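What follows is run_32.txt (compact mmCIF, C-alpha atoms).
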# COMPACT_ATOMS: atom_id res chain seq x y z
CA MET A 1 -18.02 -13.94 5.08
CA SER A 2 -16.15 -12.43 2.12
CA GLU A 3 -16.54 -8.85 0.92
CA PRO A 4 -16.96 -8.95 -2.86
CA THR A 5 -15.83 -6.13 -5.11
CA HIS A 6 -18.14 -4.35 -7.51
CA SER A 7 -16.60 -6.24 -10.43
CA ALA A 8 -17.60 -9.80 -11.25
CA ARG A 9 -14.01 -10.67 -12.16
CA LYS A 10 -11.91 -12.14 -9.42
CA LEU A 11 -8.72 -10.37 -8.35
CA ARG A 12 -5.69 -12.41 -9.41
CA VAL A 13 -3.17 -12.64 -6.60
CA ILE A 14 0.34 -14.02 -6.13
CA VAL A 15 1.27 -15.06 -2.59
CA ALA A 16 5.01 -14.71 -1.97
CA ASP A 17 6.66 -16.13 1.16
CA ASP A 18 9.73 -18.30 1.51
CA GLN A 19 8.09 -20.48 4.17
CA ALA A 20 5.75 -23.09 2.75
CA ALA A 21 4.06 -23.36 6.15
CA VAL A 22 2.98 -19.72 5.74
CA ARG A 23 2.58 -19.51 1.99
CA GLU A 24 0.33 -22.51 1.40
CA PRO A 25 -2.23 -21.95 4.20
CA LEU A 26 -2.42 -18.24 3.33
CA ALA A 27 -3.09 -19.04 -0.32
CA ALA A 28 -5.77 -21.54 0.70
CA VAL A 29 -7.49 -19.12 3.08
CA LEU A 30 -7.50 -16.24 0.58
CA GLY A 31 -8.97 -18.59 -1.99
CA LEU A 32 -12.08 -18.80 0.17
CA SER A 33 -12.92 -15.20 -0.72
CA ASP A 34 -15.48 -14.95 -3.51
CA ASP A 35 -13.57 -12.22 -5.34
CA ILE A 36 -9.94 -13.38 -4.93
CA GLU A 37 -8.14 -16.05 -6.93
CA VAL A 38 -4.60 -17.06 -5.95
CA VAL A 39 -2.98 -17.68 -9.33
CA ALA A 40 0.55 -18.47 -8.08
CA ALA A 41 2.60 -19.03 -4.95
CA ALA A 42 6.25 -17.92 -4.89
CA ALA A 43 9.14 -18.70 -2.56
CA ASP A 44 11.35 -15.77 -3.61
CA GLY A 45 11.42 -12.61 -5.68
CA THR A 46 12.55 -14.29 -8.89
CA GLU A 47 9.52 -16.58 -8.77
CA VAL A 48 7.30 -13.54 -8.21
CA LEU A 49 8.67 -11.82 -11.31
CA ALA A 50 8.29 -14.97 -13.39
CA ALA A 51 4.68 -15.41 -12.28
CA ALA A 52 3.90 -11.74 -12.94
CA ALA A 53 5.41 -12.00 -16.42
CA ALA A 54 3.22 -15.04 -17.12
CA GLY A 55 0.25 -12.95 -15.87
CA PRO A 56 -2.24 -11.52 -15.80
CA VAL A 57 -1.87 -10.53 -12.13
CA ASP A 58 -3.54 -7.78 -10.10
CA VAL A 59 -1.84 -7.92 -6.69
CA VAL A 60 1.22 -9.54 -5.10
CA LEU A 61 1.09 -10.27 -1.38
CA MET A 62 4.80 -9.90 -0.66
CA ASP A 63 6.99 -11.09 2.19
CA LEU A 64 10.15 -9.03 2.64
CA ARG A 65 12.80 -11.48 3.83
CA MET A 66 13.20 -14.09 1.09
CA PRO A 67 16.27 -15.78 -0.43
CA VAL A 68 17.64 -15.19 -3.96
CA MET A 69 15.72 -11.91 -4.35
CA ASP A 70 14.10 -10.24 -1.36
CA GLY A 71 10.73 -8.53 -1.27
CA ILE A 72 12.12 -4.99 -1.53
CA GLU A 73 13.99 -5.69 -4.77
CA ALA A 74 11.08 -7.72 -6.14
CA THR A 75 8.73 -4.80 -5.38
CA ARG A 76 11.07 -2.36 -7.11
CA ARG A 77 11.34 -4.60 -10.17
CA LEU A 78 7.59 -5.14 -10.31
CA THR A 79 6.95 -1.41 -10.12
CA GLU A 80 9.31 -0.83 -13.03
CA GLU A 81 8.39 -3.80 -15.22
CA HIS A 82 4.73 -4.36 -14.34
CA PRO A 83 3.31 -1.06 -13.01
CA GLU A 84 -0.21 -2.46 -13.33
CA VAL A 85 0.55 -4.98 -10.56
CA ALA A 86 0.03 -3.68 -7.00
CA VAL A 87 2.16 -4.89 -4.09
CA VAL A 88 0.92 -5.38 -0.54
CA VAL A 89 3.68 -6.25 1.91
CA LEU A 90 2.83 -8.86 4.53
CA THR A 91 5.72 -9.38 6.92
CA THR A 92 6.72 -9.87 10.53
CA PHE A 93 9.01 -6.82 10.29
CA ALA A 94 7.65 -3.38 11.17
CA ASP A 95 10.93 -1.53 11.70
CA ASP A 96 11.43 1.93 10.21
CA ASP A 97 13.93 0.85 7.55
CA SER A 98 11.74 -1.97 6.25
CA ILE A 99 8.62 0.19 6.08
CA LEU A 100 10.28 3.11 4.30
CA ALA A 101 12.20 0.84 1.92
CA ALA A 102 9.04 -1.04 0.92
CA LEU A 103 6.99 2.11 0.38
CA SER A 104 9.81 3.78 -1.53
CA ALA A 105 10.10 0.70 -3.73
CA GLY A 106 6.44 1.11 -4.68
CA ALA A 107 4.39 -1.00 -2.26
CA ARG A 108 0.80 0.23 -1.94
CA GLY A 109 0.11 -1.54 1.32
CA TYR A 110 2.05 -2.71 4.36
CA LEU A 111 0.63 -5.18 6.86
CA THR A 112 2.21 -7.21 9.62
CA LYS A 113 1.47 -10.91 9.95
CA ASN A 114 -0.78 -10.11 12.91
CA ALA A 115 -3.36 -9.05 10.31
CA GLY A 116 -6.42 -11.27 9.97
CA ARG A 117 -7.76 -12.76 6.75
CA GLN A 118 -10.39 -10.05 6.33
CA ASP A 119 -7.77 -7.32 6.84
CA ILE A 120 -5.52 -8.92 4.23
CA ALA A 121 -8.40 -9.33 1.78
CA ARG A 122 -9.42 -5.68 2.25
CA ALA A 123 -5.84 -4.57 1.64
CA ILE A 124 -5.71 -6.60 -1.58
CA ARG A 125 -8.95 -5.03 -2.80
CA ALA A 126 -7.75 -1.55 -1.89
CA ALA A 127 -4.39 -2.02 -3.63
CA ALA A 128 -6.10 -3.33 -6.77
CA ALA A 129 -8.21 -0.15 -6.75
CA GLY A 130 -5.10 2.03 -6.52
CA GLN A 131 -5.44 2.80 -2.83
CA SER A 132 -2.93 2.46 -0.01
CA VAL A 133 -3.44 0.55 3.23
CA LEU A 134 -1.11 0.64 6.21
CA ASP A 135 -1.96 -1.17 9.41
CA ARG A 136 -2.08 0.86 12.61
CA GLU A 137 1.34 -0.19 13.90
CA VAL A 138 2.94 0.72 10.58
CA GLN A 139 1.12 4.08 10.45
CA ASP A 140 2.30 4.95 13.94
CA ARG A 141 5.92 4.05 13.18
CA LEU A 142 5.89 5.90 9.88
CA LEU A 143 4.49 9.03 11.48
CA ALA A 144 7.04 8.86 14.29
CA THR A 145 9.86 8.43 11.80
CA VAL A 146 8.97 11.31 9.51
CA ARG A 147 8.48 13.66 12.46
CA THR A 148 12.10 13.10 13.50
CA LYS A 149 13.50 13.72 10.01
CA PRO A 150 13.45 17.39 8.97
CA THR A 151 12.30 18.22 5.46
CA PRO A 152 14.30 20.82 3.49
CA ALA A 153 12.71 24.27 3.70
CA ALA A 154 12.20 24.37 -0.06
CA ALA A 155 9.93 21.36 0.13
CA GLN A 156 7.84 22.59 3.04
CA ALA A 157 5.75 25.11 1.13
CA LEU A 158 2.82 23.71 -0.82
CA PRO A 159 1.97 25.00 -4.31
CA ALA A 160 -0.48 27.89 -4.41
CA ASP A 161 -2.85 26.06 -6.72
CA ILE A 162 -3.64 23.30 -4.19
CA THR A 163 -7.36 23.49 -3.44
CA PRO A 164 -8.82 23.58 0.07
CA ARG A 165 -10.15 20.05 -0.43
CA GLU A 166 -6.75 18.76 -1.56
CA ARG A 167 -5.23 20.35 1.54
CA GLU A 168 -7.81 18.55 3.68
CA VAL A 169 -6.94 15.26 2.00
CA LEU A 170 -3.22 15.83 2.57
CA THR A 171 -3.91 16.60 6.23
CA LEU A 172 -5.73 13.29 6.67
CA ILE A 173 -3.00 11.37 4.82
CA GLY A 174 -0.55 12.95 7.25
CA GLN A 175 -2.62 11.53 10.10
CA GLY A 176 -2.17 8.07 8.62
CA LEU A 177 -5.74 7.58 7.36
CA PRO A 178 -6.36 5.22 4.41
CA ASN A 179 -8.55 6.35 1.51
CA ARG A 180 -11.70 4.72 2.89
CA ALA A 181 -11.41 6.59 6.19
CA ILE A 182 -10.66 9.85 4.37
CA ALA A 183 -13.79 9.38 2.26
CA GLN A 184 -15.90 8.73 5.34
CA GLN A 185 -14.54 11.75 7.19
CA LEU A 186 -15.04 14.12 4.25
CA PHE A 187 -18.38 12.58 3.18
CA ILE A 188 -17.15 11.89 -0.35
CA SER A 189 -16.56 8.71 -2.35
CA GLU A 190 -13.28 6.79 -2.38
CA ALA A 191 -13.08 7.47 -6.12
CA THR A 192 -13.23 11.20 -5.41
CA VAL A 193 -10.52 10.84 -2.76
CA LYS A 194 -8.32 9.07 -5.30
CA THR A 195 -8.87 11.90 -7.79
CA HIS A 196 -7.89 14.49 -5.20
CA ILE A 197 -4.78 12.49 -4.30
CA ASN A 198 -3.73 12.15 -7.93
CA ASN A 199 -4.15 15.90 -8.48
CA LEU A 200 -2.37 16.71 -5.23
CA PHE A 201 0.59 14.44 -5.99
CA ALA A 202 0.97 15.97 -9.46
CA LYS A 203 0.80 19.58 -8.24
CA ALA A 204 3.10 19.13 -5.24
CA ASP A 205 5.53 16.67 -6.88
CA ILE A 206 4.70 14.05 -4.24
CA HIS A 207 5.94 10.60 -5.22
CA ASP A 208 4.20 8.19 -2.85
CA ARG A 209 2.21 7.88 0.37
CA ALA A 210 5.27 8.13 2.60
CA ASP A 211 6.36 11.30 0.80
CA ALA A 212 2.85 12.72 1.29
CA VAL A 213 3.06 12.12 5.04
CA ARG A 214 6.42 13.91 5.15
CA ARG A 215 5.04 16.87 3.22
CA ALA A 216 1.96 17.11 5.43
CA ILE A 217 4.12 17.20 8.55
CA ALA A 218 6.60 19.67 7.03
CA ALA A 219 3.73 21.98 6.07
CA GLY A 220 2.32 21.84 9.59
CA LEU A 221 -0.78 19.91 8.56
CA ALA A 222 -0.17 16.82 10.69
Step by step, read the file and then write its structure as structure tokens.
Amino acid sequence: MSEPTHSARKLRVIVADDQAAVREPLAAVLGLSDDIEVVAAAADGTEVLAAAAAGPVDVVLMDLRMPVMDGIEATRRLTEEHPEVAVVVLTTFADDDSILAALSAGARGYLTKNAGRQDIARAIRAAAAGQSVLDREVQDRLLATVRTKPTPAAAQALPADITPREREVLTLIGQGLPNRAIAQQLFISEATVKTHINNLFAKADIHDRADAVRRAIAAGLA
């Protein structure tokens, strides 16, 4: 059973994977969701960019290893040229370099291909709403990676104007929790969590989710 969004409009999605045997069944399965419409299927990053330019598009479900232009470069280009389009990585690779490169390029979500249809659909909805979703394996690897990489002392201190609630949110981000889980734990709405995150990122000069995890660990919050 699908989980519809609050909006009547379907989310417009591009499925990008160089293997037709993966791309086509995935597009067909996602199309079964009441609130998701697969508007294009792409075999490489150049096709993704062309489809996004033809738009409108809400989310790209992006493989990383593709010919011509890989998923990292395509994500970076999308972030620069079409910032309104969210990227959710779906790949077999969960190594440290791939995860950090994708998040640094602007991906809002990172799933491995062990994810089920409902997990993928939830990640698409979350990304379209401006939220980040990392599957458990990716969260664990990201946390392990940032704990082994020291942050410069100048970046460890948090600004004095960060509120207690924003500090709580940063702590939970550092633990690898997605926005929905943060909302549940703090008994607030996901929209309120997003507001706190936006304010926190602006005050602390945090650039993305991976950077937030590093800052939380450096500040002793995670």
Counting all atoms listed in the file, which residues of stretch 163-184 of chain A fall within 9 Å of stretch 116-137 of chain A, and what is the closest atom pair for each with its distance in Å at one decimal, ordered by chain and rising number, as JSON lines?
{"residue": "A:Gly176", "atom": "CA", "partner": "A:Leu134", "partner_atom": "CA", "distance": 7.9}
{"residue": "A:Leu177", "atom": "CA", "partner": "A:Leu134", "partner_atom": "CA", "distance": 8.4}
{"residue": "A:Pro178", "atom": "CA", "partner": "A:Val133", "partner_atom": "CA", "distance": 5.6}
{"residue": "A:Asn179", "atom": "CA", "partner": "A:Gln131", "partner_atom": "CA", "distance": 6.4}
{"residue": "A:Arg180", "atom": "CA", "partner": "A:Gln131", "partner_atom": "CA", "distance": 8.7}
Inset, instruction - Quick one: residues within 9 Å of (6.9, -10.3, -0.6) (file frame), counting only C-alpha atoms, please, as an MDAnalysis selection string. - result: chainID A and resid 15:18 42:45 48 60:66 70:72 74:75 87:91
Listed atoms of stretch 82-88 of chain A boxed along x, y and z, 6 Å each side, centre and edge lengths in Å, one decimal, as AutoDock Vina command-line options:
--center_x 2.3 --center_y -3.2 --center_z -7.4 --size_x 16.9 --size_y 16.3 --size_z 25.8
Inset, instruction - Using all atoms listed in the file, find the one residue out of A:His82, A:Arg141, A:Arg9, A:Arg209 that sits nearest to A:Gly109. - result: A:Arg209
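Here the question is which of A:Ile206, A:Ala20, A:Ala212, A:Val169 gets nearest to A:Lys194 using only C-alpha atoms, and that residue is A:Val169.
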Legend entry - Given all atoms listed in the file as the counted atoms, nearest of A:Leu158, A:Val29, A:Ala53, A:Leu111 to A:Asp205: A:Leu158
